[in-house]
$ cat my_file36.pdb   # PDB, C-alpha atoms, pLDDT in the B column
ATOM      1  CA  GLY A   1      97.754  86.599 106.048  1.00 60.00           C
ATOM      2  CA  GLY A   2      98.925  86.932 109.601  1.00 64.00           C
ATOM      3  CA  LYS A   3      97.210  87.939 112.781  1.00 76.00           C
ATOM      4  CA  LYS A   4      98.118  91.625 112.723  1.00 87.00           C
ATOM      5  CA  ILE A   5      98.455  91.431 116.502  1.00 91.00           C
ATOM      6  CA  ARG A   6     100.679  94.513 116.580  1.00 95.00           C
ATOM      7  CA  SER A   7      97.953  96.644 115.011  1.00 95.00           C
ATOM      8  CA  THR A   8      95.434  95.161 117.414  1.00 95.00           C
ATOM      9  CA  ILE A   9      97.639  96.194 120.341  1.00 96.00           C
ATOM     10  CA  ILE A  10      97.844  99.759 118.997  1.00 97.00           C
ATOM     11  CA  LEU A  11      94.081  99.964 118.467  1.00 96.00           C
ATOM     12  CA  ASN A  12      93.268  98.476 121.878  1.00 96.00           C
ATOM     13  CA  THR A  13      95.742 100.731 123.672  1.00 95.00           C
ATOM     14  CA  ALA A  14      94.247 103.719 121.846  1.00 94.00           C
ATOM     15  CA  LYS A  15      90.794 102.590 122.980  1.00 95.00           C
ATOM     16  CA  ILE A  16      91.954 102.428 126.612  1.00 93.00           C
ATOM     17  CA  PHE A  17      93.056 106.068 126.388  1.00 90.00           C
ATOM     18  CA  ASN A  18      89.948 107.209 124.484  1.00 92.00           C
ATOM     19  CA  LEU A  19      91.804 107.931 121.255  1.00 92.00           C
ATOM     20  CA  ASN A  20      89.881 107.829 118.003  1.00 91.00           C
ATOM     21  CA  PRO A  21      91.033 104.791 115.969  1.00 92.00           C
ATOM     22  CA  ASN A  22      91.477 107.099 112.964  1.00 91.00           C
ATOM     23  CA  LYS A  23      94.232 108.828 114.938  1.00 90.00           C
ATOM     24  CA  VAL A  24      96.333 105.632 115.077  1.00 94.00           C
ATOM     25  CA  ILE A  25      95.371 103.636 111.958  1.00 94.00           C
ATOM     26  CA  ASN A  26      98.354 104.958 109.970  1.00 95.00           C
ATOM     27  CA  ILE A  27     100.638 103.938 112.819  1.00 96.00           C
ATOM     28  CA  CYS A  28      99.154 100.445 112.558  1.00 96.00           C
ATOM     29  CA  ALA A  29     100.016 100.395 108.854  1.00 96.00           C
ATOM     30  CA  ALA A  30     103.583 101.536 109.552  1.00 97.00           C
ATOM     31  CA  VAL A  31     104.091  98.818 112.156  1.00 97.00           C
ATOM     32  CA  GLU A  32     102.730  96.148 109.822  1.00 95.00           C
ATOM     33  CA  CYS A  33     105.214  97.326 107.166  1.00 96.00           C
ATOM     34  CA  ILE A  34     108.081  96.971 109.655  1.00 96.00           C
ATOM     35  CA  HIS A  35     106.897  93.534 110.726  1.00 94.00           C
ATOM     36  CA  ALA A  36     106.489  92.314 107.124  1.00 93.00           C
ATOM     37  CA  TYR A  37     109.951  93.608 106.178  1.00 95.00           C
ATOM     38  CA  SER A  38     111.494  91.772 109.125  1.00 93.00           C
ATOM     39  CA  LEU A  39     109.835  88.504 108.117  1.00 93.00           C
ATOM     40  CA  ILE A  40     110.946  88.813 104.486  1.00 95.00           C
ATOM     41  CA  HIS A  41     114.539  89.494 105.511  1.00 94.00           C
ATOM     42  CA  ASP A  42     114.480  86.816 108.225  1.00 92.00           C
ATOM     43  CA  ASP A  43     113.584  84.184 105.598  1.00 93.00           C
ATOM     44  CA  LEU A  44     116.423  85.134 103.209  1.00 94.00           C
ATOM     45  CA  PRO A  45     119.092  82.513 102.385  1.00 94.00           C
ATOM     46  CA  CYS A  46     121.764  84.552 104.217  1.00 91.00           C
ATOM     47  CA  MET A  47     119.604  84.595 107.353  1.00 87.00           C
ATOM     48  CA  ASP A  48     117.347  81.650 108.289  1.00 83.00           C
ATOM     49  CA  ASN A  49     116.843  80.432 104.702  1.00 86.00           C
ATOM     50  CA  ASP A  50     113.223  79.498 105.312  1.00 84.00           C
ATOM     51  CA  LYS A  51     111.443  78.172 102.244  1.00 89.00           C
ATOM     52  CA  LEU A  52     107.952  78.646 103.693  1.00 87.00           C
ATOM     53  CA  ARG A  53     106.197  81.415 105.607  1.00 86.00           C
ATOM     54  CA  ARG A  54     102.749  80.601 107.002  1.00 83.00           C
ATOM     55  CA  GLY A  55     102.543  77.553 104.756  1.00 85.00           C
ATOM     56  CA  LYS A  56     103.293  79.497 101.553  1.00 91.00           C
ATOM     57  CA  PRO A  57     106.540  80.004  99.636  1.00 90.00           C
ATOM     58  CA  SER A  58     108.758  82.653 101.215  1.00 91.00           C
ATOM     59  CA  THR A  59     109.147  85.872  99.250  1.00 93.00           C
ATOM     60  CA  HIS A  60     112.640  84.966  98.026  1.00 95.00           C
ATOM     61  CA  ILE A  61     111.413  81.561  96.860  1.00 94.00           C
ATOM     62  CA  LYS A  62     108.418  82.957  94.993  1.00 96.00           C
ATOM     63  CA  PHE A  63     109.954  86.136  93.556  1.00 96.00           C
ATOM     64  CA  GLY A  64     113.726  85.731  93.837  1.00 95.00           C
ATOM     65  CA  GLU A  65     116.253  86.879  96.406  1.00 95.00           C
ATOM     66  CA  SER A  66     116.922  90.324  94.954  1.00 96.00           C
ATOM     67  CA  THR A  67     113.195  91.103  94.768  1.00 96.00           C
ATOM     68  CA  ALA A  68     112.775  89.937  98.371  1.00 96.00           C
ATOM     69  CA  ILE A  69     115.577  92.221  99.568  1.00 96.00           C
ATOM     70  CA  LEU A  70     114.111  95.167  97.681  1.00 97.00           C
ATOM     71  CA  ALA A  71     110.596  94.393  98.955  1.00 96.00           C
ATOM     72  CA  GLY A  72     111.850  94.284 102.540  1.00 96.00           C
ATOM     73  CA  ASN A  73     113.804  97.518 102.103  1.00 96.00           C
ATOM     74  CA  SER A  74     110.784  99.176 100.513  1.00 97.00           C
ATOM     75  CA  LEU A  75     108.491  98.112 103.351  1.00 97.00           C
ATOM     76  CA  LEU A  76     110.965  99.460 105.908  1.00 96.00           C
ATOM     77  CA  THR A  77     111.170 102.855 104.259  1.00 97.00           C
ATOM     78  CA  THR A  78     107.419 102.922 103.574  1.00 97.00           C
ATOM     79  CA  ALA A  79     106.820 102.671 107.327  1.00 97.00           C
ATOM     80  CA  PHE A  80     108.682 105.940 107.879  1.00 97.00           C
ATOM     81  CA  GLU A  81     107.020 107.528 104.869  1.00 96.00           C
ATOM     82  CA  ILE A  82     103.642 106.734 106.465  1.00 96.00           C
ATOM     83  CA  LEU A  83     104.668 108.202 109.822  1.00 95.00           C
ATOM     84  CA  SER A  84     106.060 111.377 108.281  1.00 95.00           C
ATOM     85  CA  ASP A  85     103.102 111.950 105.942  1.00 92.00           C
ATOM     86  CA  GLU A  86     100.762 114.893 106.445  1.00 88.00           C
ATOM     87  CA  ASN A  87      97.837 112.432 106.612  1.00 85.00           C
ATOM     88  CA  LEU A  88      99.027 111.439 110.082  1.00 85.00           C
ATOM     89  CA  LYS A  89      97.136 114.109 111.974  1.00 84.00           C
ATOM     90  CA  VAL A  90      99.447 114.628 114.940  1.00 87.00           C
ATOM     91  CA  GLU A  91     101.811 117.441 115.844  1.00 87.00           C
ATOM     92  CA  ASP A  92     105.180 117.430 114.097  1.00 90.00           C
ATOM     93  CA  LYS A  93     106.911 117.056 117.462  1.00 90.00           C
ATOM     94  CA  ILE A  94     104.919 113.860 118.132  1.00 90.00           C
ATOM     95  CA  LYS A  95     105.615 112.587 114.594  1.00 92.00           C
ATOM     96  CA  ALA A  96     109.317 113.055 115.215  1.00 93.00           C
ATOM     97  CA  LYS A  97     109.072 111.110 118.492  1.00 92.00           C
ATOM     98  CA  LEU A  98     107.150 108.297 116.778  1.00 94.00           C
ATOM     99  CA  ILE A  99     109.690 108.099 113.955  1.00 96.00           C
ATOM    100  CA  ASN A 100     112.617 108.148 116.372  1.00 94.00           C
ATOM    101  CA  PHE A 101     111.087 105.499 118.624  1.00 95.00           C
ATOM    102  CA  LEU A 102     110.139 103.199 115.737  1.00 96.00           C
ATOM    103  CA  SER A 103     113.656 103.618 114.309  1.00 95.00           C
ATOM    104  CA  ARG A 104     115.175 102.503 117.603  1.00 94.00           C
ATOM    105  CA  CYS A 105     112.752  99.562 117.822  1.00 95.00           C
ATOM    106  CA  SER A 106     113.674  98.498 114.272  1.00 95.00           C
ATOM    107  CA  GLY A 107     117.439  99.119 114.156  1.00 93.00           C
ATOM    108  CA  GLN A 108     120.412  97.752 116.050  1.00 93.00           C
ATOM    109  CA  THR A 109     118.751  98.174 119.451  1.00 93.00           C
ATOM    110  CA  GLY A 110     115.609  96.431 118.184  1.00 94.00           C
ATOM    111  CA  ILE A 111     114.708  94.022 115.389  1.00 94.00           C
ATOM    112  CA  ALA A 112     117.989  94.207 113.435  1.00 94.00           C
ATOM    113  CA  GLY A 113     120.066  93.811 116.592  1.00 94.00           C
ATOM    114  CA  GLY A 114     117.919  90.897 117.706  1.00 93.00           C
ATOM    115  CA  GLN A 115     118.309  89.219 114.324  1.00 93.00           C
ATOM    116  CA  TYR A 116     122.086  89.682 114.549  1.00 94.00           C
ATOM    117  CA  LEU A 117     122.084  87.992 117.949  1.00 95.00           C
ATOM    118  CA  ASP A 118     119.844  85.206 116.648  1.00 92.00           C
ATOM    119  CA  LEU A 119     122.273  84.498 113.809  1.00 92.00           C
ATOM    120  CA  SER A 120     125.333  84.704 116.070  1.00 93.00           C
ATOM    121  CA  TYR A 121     123.794  82.197 118.528  1.00 94.00           C
ATOM    122  CA  GLU A 122     123.147  79.512 115.895  1.00 88.00           C
ATOM    123  CA  LYS A 123     124.625  76.146 116.846  1.00 88.00           C
ATOM    124  CA  LYS A 124     125.912  77.575 120.124  1.00 93.00           C
ATOM    125  CA  LYS A 125     124.875  77.031 123.691  1.00 95.00           C
ATOM    126  CA  VAL A 126     123.839  80.402 125.101  1.00 93.00           C
ATOM    127  CA  SER A 127     122.409  81.458 128.428  1.00 94.00           C
ATOM    128  CA  LEU A 128     118.723  82.014 129.016  1.00 94.00           C
ATOM    129  CA  GLN A 129     119.485  85.686 129.693  1.00 95.00           C
ATOM    130  CA  LYS A 130     121.079  86.054 126.252  1.00 95.00           C
ATOM    131  CA  ILE A 131     118.065  84.377 124.613  1.00 93.00           C
ATOM    132  CA  LEU A 132     115.686  86.669 126.497  1.00 94.00           C
ATOM    133  CA  ASN A 133     117.720  89.726 125.462  1.00 93.00           C
ATOM    134  CA  MET A 134     117.602  88.560 121.841  1.00 93.00           C
ATOM    135  CA  GLU A 135     113.821  88.068 121.998  1.00 94.00           C
ATOM    136  CA  LEU A 136     113.363  91.435 123.694  1.00 93.00           C
ATOM    137  CA  LYS A 137     115.068  93.069 120.725  1.00 94.00           C
ATOM    138  CA  LYS A 138     113.782  90.867 117.932  1.00 89.00           C
ATOM    139  CA  THR A 139     110.153  90.778 119.066  1.00 90.00           C
ATOM    140  CA  GLY A 140     109.607  92.763 122.240  1.00 92.00           C
ATOM    141  CA  LYS A 141     110.762  96.186 121.065  1.00 95.00           C
ATOM    142  CA  LEU A 142     108.129  96.359 118.330  1.00 94.00           C
ATOM    143  CA  PHE A 143     105.465  95.316 120.843  1.00 95.00           C
ATOM    144  CA  GLU A 144     106.745  98.062 123.152  1.00 95.00           C
ATOM    145  CA  PHE A 145     106.310 100.587 120.340  1.00 96.00           C
ATOM    146  CA  CYS A 146     102.741  99.370 119.814  1.00 96.00           C
ATOM    147  CA  CYS A 147     101.893 100.007 123.465  1.00 94.00           C
ATOM    148  CA  VAL A 148     103.667 103.355 123.715  1.00 93.00           C
ATOM    149  CA  ALA A 149     102.705 104.982 120.384  1.00 94.00           C
ATOM    150  CA  PRO A 150      99.107 105.769 121.442  1.00 94.00           C
ATOM    151  CA  LEU A 151     100.442 107.249 124.672  1.00 91.00           C
ATOM    152  CA  LEU A 152     102.748 109.532 122.708  1.00 91.00           C
ATOM    153  CA  ILE A 153      99.775 110.755 120.719  1.00 90.00           C
ATOM    154  CA  LYS A 154      97.699 111.153 123.867  1.00 86.00           C
ATOM    155  CA  LYS A 155     100.699 112.869 125.526  1.00 78.00           C
ATOM    156  CA  ASN A 156     100.055 110.888 128.677  1.00 55.00           C
ATOM    157  CA  GLN A 157     103.328 111.540 130.513  1.00 50.00           C
ATOM    158  CA  LYS A 158     102.412 109.599 133.654  1.00 54.00           C
ATOM    159  CA  ASN A 159     101.824 106.407 131.690  1.00 54.00           C
ATOM    160  CA  LEU A 160     104.819 107.045 129.424  1.00 55.00           C
ATOM    161  CA  ASN A 161     107.051 107.137 132.502  1.00 55.00           C
ATOM    162  CA  THR A 162     105.718 103.721 133.502  1.00 54.00           C
ATOM    163  CA  PHE A 163     106.333 102.267 130.029  1.00 51.00           C
ATOM    164  CA  SER A 164     109.819 103.767 129.797  1.00 53.00           C
ATOM    165  CA  LYS A 165     110.911 101.501 132.656  1.00 49.00           C
ATOM    166  CA  ILE A 166     110.000  98.372 130.681  1.00 44.00           C
ATOM    167  CA  GLY A 167     113.002  96.458 129.403  1.00 40.00           C
ATOM    168  CA  LYS A 168     115.530  98.260 131.577  1.00 41.00           C
TER     169      LYS A 168
END
$ encode --input "my_file36.pdb" --output "structure tokens"
Amino acid sequence: GGKKIRSTIILNTAKIFNLNPNKVINICAAVECIHAYSLIHDDLPCMDNDKLRRGKPSTHIKFGESTAILAGNSLLTTAFEILSDENLKVEDKIKAKLINFLSRCSGQTGIAGGQYLDLSYEKKKVSLQKILNMELKKTGKLFEFCCVAPLLIKKNQKNLNTFSKIGK
């Protein structure tokens, strides 16, 4: 299920810069792993405790909480396994940049940090700026990665400089 919009962004950005889709398809898979992990963990009882995801039982409801945690952790690490694999036909220097950037978009400055803010804002009145900052981390950083990853592969420095100003 799901729209796989993040993969679509990667593929469409690659198309804009005349990159072969085969050059970015593994990156799409890695991003989908990150996104799926974040949804599984977001639904956990210690987080949002959602019983349903897209009209179906959440992972922790269907398979148990410990299995959900392990599935989320496995998806997170699988994303980096995919990016570091020799099947990703890009220079090692570019692989390292992709891994570093996706790590930052997924960790405390990205998804995990956004989720922390989301949980800390529950039942509190917070400013619009704080909500926007939370959403930038929780959702926006992964979208930023999807737009920038094809540029890293293309090594398009002019456009990378433009993207690096986003969110600052």
$ residues_around --input "my_file36.pdb" --residues "A:Lys138" --least-positions-apart "5" --cutoff "12 Å" --atoms "only C-alpha atoms" --output "VMD selection string"
chain A and resid 34 to 35 38 to 39 42 104 to 119 131 to 133 143 to 144
$ write_last_selection --input "my_file36.pdb" --atoms "C-alpha atoms" --output "mmCIF file, in the coordinates of the input"
data_model
loop_
_atom_site.group_PDB
_atom_site.id
_atom_site.type_symbol
_atom_site.label_atom_id
_atom_site.label_comp_id
_atom_site.auth_asym_id
_atom_site.auth_seq_id
_atom_site.Cartn_x
_atom_site.Cartn_y
_atom_site.Cartn_z
ATOM 1 C CA ILE A 34 108.081 96.971 109.655
ATOM 2 C CA HIS A 35 106.897 93.534 110.726
ATOM 3 C CA SER A 38 111.494 91.772 109.125
ATOM 4 C CA LEU A 39 109.835 88.504 108.117
ATOM 5 C CA ASP A 42 114.480 86.816 108.225
ATOM 6 C CA ARG A 104 115.175 102.503 117.603
ATOM 7 C CA CYS A 105 112.752 99.562 117.822
ATOM 8 C CA SER A 106 113.674 98.498 114.272
ATOM 9 C CA GLY A 107 117.439 99.119 114.156
ATOM 10 C CA GLN A 108 120.412 97.752 116.050
ATOM 11 C CA THR A 109 118.751 98.174 119.451
ATOM 12 C CA GLY A 110 115.609 96.431 118.184
ATOM 13 C CA ILE A 111 114.708 94.022 115.389
ATOM 14 C CA ALA A 112 117.989 94.207 113.435
ATOM 15 C CA GLY A 113 120.066 93.811 116.592
ATOM 16 C CA GLY A 114 117.919 90.897 117.706
ATOM 17 C CA GLN A 115 118.309 89.219 114.324
ATOM 18 C CA TYR A 116 122.086 89.682 114.549
ATOM 19 C CA LEU A 117 122.084 87.992 117.949
ATOM 20 C CA ASP A 118 119.844 85.206 116.648
ATOM 21 C CA LEU A 119 122.273 84.498 113.809
ATOM 22 C CA ILE A 131 118.065 84.377 124.613
ATOM 23 C CA LEU A 132 115.686 86.669 126.497
ATOM 24 C CA ASN A 133 117.720 89.726 125.462
ATOM 25 C CA PHE A 143 105.465 95.316 120.843
ATOM 26 C CA GLU A 144 106.745 98.062 123.152
#
$ atom_distance --input "my_file36.pdb" --atom1 "atom CA of A:Pro57" --atom2 "atom CA of A:His41"
13.7 Å
$ closest_residue --input "my_file36.pdb" --among "A:Val24, A:Leu88, A:Ala79, A:Ala29" --to "A:Ser103" --atoms "only C-alpha atoms"
A:Ala79
$ closest_residue --input "my_file36.pdb" --among "A:Ile10, A:Ala96, A:Ile69, A:Val126" --to "A:Asn22" --atoms "all atoms listed in the file"
A:Ile10
$ atom_distance --input "my_file36.pdb" --atom1 "atom CA of A:Lys155" --atom2 "atom CA of A:Cys33"
24.5 Å
$ residues_near_point --input "my_file36.pdb" --point "(99.1, 107.2, 117.0)" --cutoff "10 Å" --atoms "all atoms listed in the file" --output "MDAnalysis selection string"
chainID A and resid 10:11 13:14 19:28 83 88:90 94:95 98 146 148:154
$ closest_residue --input "my_file36.pdb" --among "A:Phe101, A:Glu135, A:Ala36, A:Glu91" --to "A:Asn73" --atoms "all atoms listed in the file"
A:Ala36
$ closest_residue --input "my_file36.pdb" --among "A:Ile5, A:Leu76, A:Leu52, A:Ile61" --to "A:Thr139" --atoms "all atoms listed in the file"
A:Ile5
$ closest_residue --input "my_file36.pdb" --among "A:Ser7, A:Leu128, A:Gly64, A:Ile99" --to "A:Glu81" --atoms "only C-alpha atoms"
A:Ile99
$ atom_distance --input "my_file36.pdb" --atom1 "atom CA of A:Ile82" --atom2 "atom CA of A:Asn100"
13.4 Å
$ decode --input "my_file36.pdb" --residues "stretch 138-154 of chain A" --atoms "N, CA, C and O atoms" --output "PDB file, in the first residue's frame"
ATOM      1  N   LYS A 138      10.101  16.051  10.520  1.00  0.00           N
ATOM      2  CA  LYS A 138       9.390  14.773  10.484  1.00  0.00           C
ATOM      3  C   LYS A 138       9.047  14.334   9.063  1.00  0.00           C
ATOM      4  O   LYS A 138       9.045  13.149   8.758  1.00  0.00           O
ATOM      5  N   THR A 139       8.754  15.301   8.207  1.00  0.00           N
ATOM      6  CA  THR A 139       8.325  14.986   6.839  1.00  0.00           C
ATOM      7  C   THR A 139       9.228  15.616   5.792  1.00  0.00           C
ATOM      8  O   THR A 139       9.644  14.966   4.839  1.00  0.00           O
ATOM      9  N   GLY A 140       9.542  16.869   5.971  1.00  0.00           N
ATOM     10  CA  GLY A 140      10.249  17.638   4.950  1.00  0.00           C
ATOM     11  C   GLY A 140      11.655  17.175   4.653  1.00  0.00           C
ATOM     12  O   GLY A 140      12.102  17.205   3.503  1.00  0.00           O
ATOM     13  N   LYS A 141      12.385  16.733   5.663  1.00  0.00           N
ATOM     14  CA  LYS A 141      13.785  16.340   5.440  1.00  0.00           C
ATOM     15  C   LYS A 141      13.894  15.146   4.494  1.00  0.00           C
ATOM     16  O   LYS A 141      14.797  15.093   3.656  1.00  0.00           O
ATOM     17  N   LEU A 142      12.984  14.201   4.602  1.00  0.00           N
ATOM     18  CA  LEU A 142      13.033  13.045   3.701  1.00  0.00           C
ATOM     19  C   LEU A 142      12.667  13.470   2.278  1.00  0.00           C
ATOM     20  O   LEU A 142      13.254  12.995   1.310  1.00  0.00           O
ATOM     21  N   PHE A 143      11.727  14.397   2.147  1.00  0.00           N
ATOM     22  CA  PHE A 143      11.415  14.945   0.825  1.00  0.00           C
ATOM     23  C   PHE A 143      12.621  15.697   0.252  1.00  0.00           C
ATOM     24  O   PHE A 143      12.905  15.621  -0.940  1.00  0.00           O
ATOM     25  N   GLU A 144      13.331  16.415   1.105  1.00  0.00           N
ATOM     26  CA  GLU A 144      14.543  17.113   0.661  1.00  0.00           C
ATOM     27  C   GLU A 144      15.559  16.110   0.115  1.00  0.00           C
ATOM     28  O   GLU A 144      16.144  16.322  -0.954  1.00  0.00           O
ATOM     29  N   PHE A 145      15.751  15.004   0.842  1.00  0.00           N
ATOM     30  CA  PHE A 145      16.667  13.971   0.360  1.00  0.00           C
ATOM     31  C   PHE A 145      16.243  13.479  -1.028  1.00  0.00           C
ATOM     32  O   PHE A 145      17.080  13.292  -1.910  1.00  0.00           O
ATOM     33  N   CYS A 146      14.954  13.269  -1.202  1.00  0.00           N
ATOM     34  CA  CYS A 146      14.444  12.754  -2.482  1.00  0.00           C
ATOM     35  C   CYS A 146      14.738  13.702  -3.641  1.00  0.00           C
ATOM     36  O   CYS A 146      14.989  13.249  -4.764  1.00  0.00           O
ATOM     37  N   CYS A 147      14.717  14.981  -3.378  1.00  0.00           N
ATOM     38  CA  CYS A 147      15.022  15.969  -4.427  1.00  0.00           C
ATOM     39  C   CYS A 147      16.519  16.091  -4.676  1.00  0.00           C
ATOM     40  O   CYS A 147      16.942  16.307  -5.810  1.00  0.00           O
ATOM     41  N   VAL A 148      17.304  15.956  -3.632  1.00  0.00           N
ATOM     42  CA  VAL A 148      18.747  16.201  -3.732  1.00  0.00           C
ATOM     43  C   VAL A 148      19.528  14.968  -4.183  1.00  0.00           C
ATOM     44  O   VAL A 148      20.537  15.094  -4.881  1.00  0.00           O
ATOM     45  N   ALA A 149      19.076  13.770  -3.824  1.00  0.00           N
ATOM     46  CA  ALA A 149      19.831  12.550  -4.143  1.00  0.00           C
ATOM     47  C   ALA A 149      20.179  12.435  -5.634  1.00  0.00           C
ATOM     48  O   ALA A 149      21.340  12.161  -5.974  1.00  0.00           O
ATOM     49  N   PRO A 150      19.235  12.653  -6.550  1.00  0.00           N
ATOM     50  CA  PRO A 150      19.608  12.581  -7.969  1.00  0.00           C
ATOM     51  C   PRO A 150      20.645  13.629  -8.365  1.00  0.00           C
ATOM     52  O   PRO A 150      21.499  13.380  -9.223  1.00  0.00           O
ATOM     53  N   LEU A 151      20.601  14.778  -7.707  1.00  0.00           N
ATOM     54  CA  LEU A 151      21.595  15.815  -8.000  1.00  0.00           C
ATOM     55  C   LEU A 151      22.980  15.398  -7.522  1.00  0.00           C
ATOM     56  O   LEU A 151      23.985  15.713  -8.170  1.00  0.00           O
ATOM     57  N   LEU A 152      23.034  14.703  -6.399  1.00  0.00           N
ATOM     58  CA  LEU A 152      24.328  14.191  -5.931  1.00  0.00           C
ATOM     59  C   LEU A 152      24.907  13.212  -6.944  1.00  0.00           C
ATOM     60  O   LEU A 152      26.102  13.246  -7.233  1.00  0.00           O
ATOM     61  N   ILE A 153      24.056  12.365  -7.474  1.00  0.00           N
ATOM     62  CA  ILE A 153      24.524  11.391  -8.463  1.00  0.00           C
ATOM     63  C   ILE A 153      24.942  12.104  -9.750  1.00  0.00           C
ATOM     64  O   ILE A 153      25.959  11.772 -10.350  1.00  0.00           O
ATOM     65  N   LYS A 154      24.171  13.093 -10.131  1.00  0.00           N
ATOM     66  CA  LYS A 154      24.489  13.854 -11.346  1.00  0.00           C
ATOM     67  C   LYS A 154      25.681  14.777 -11.125  1.00  0.00           C
ATOM     68  O   LYS A 154      26.304  15.237 -12.080  1.00  0.00           O
TER      69      LYS A 154
END
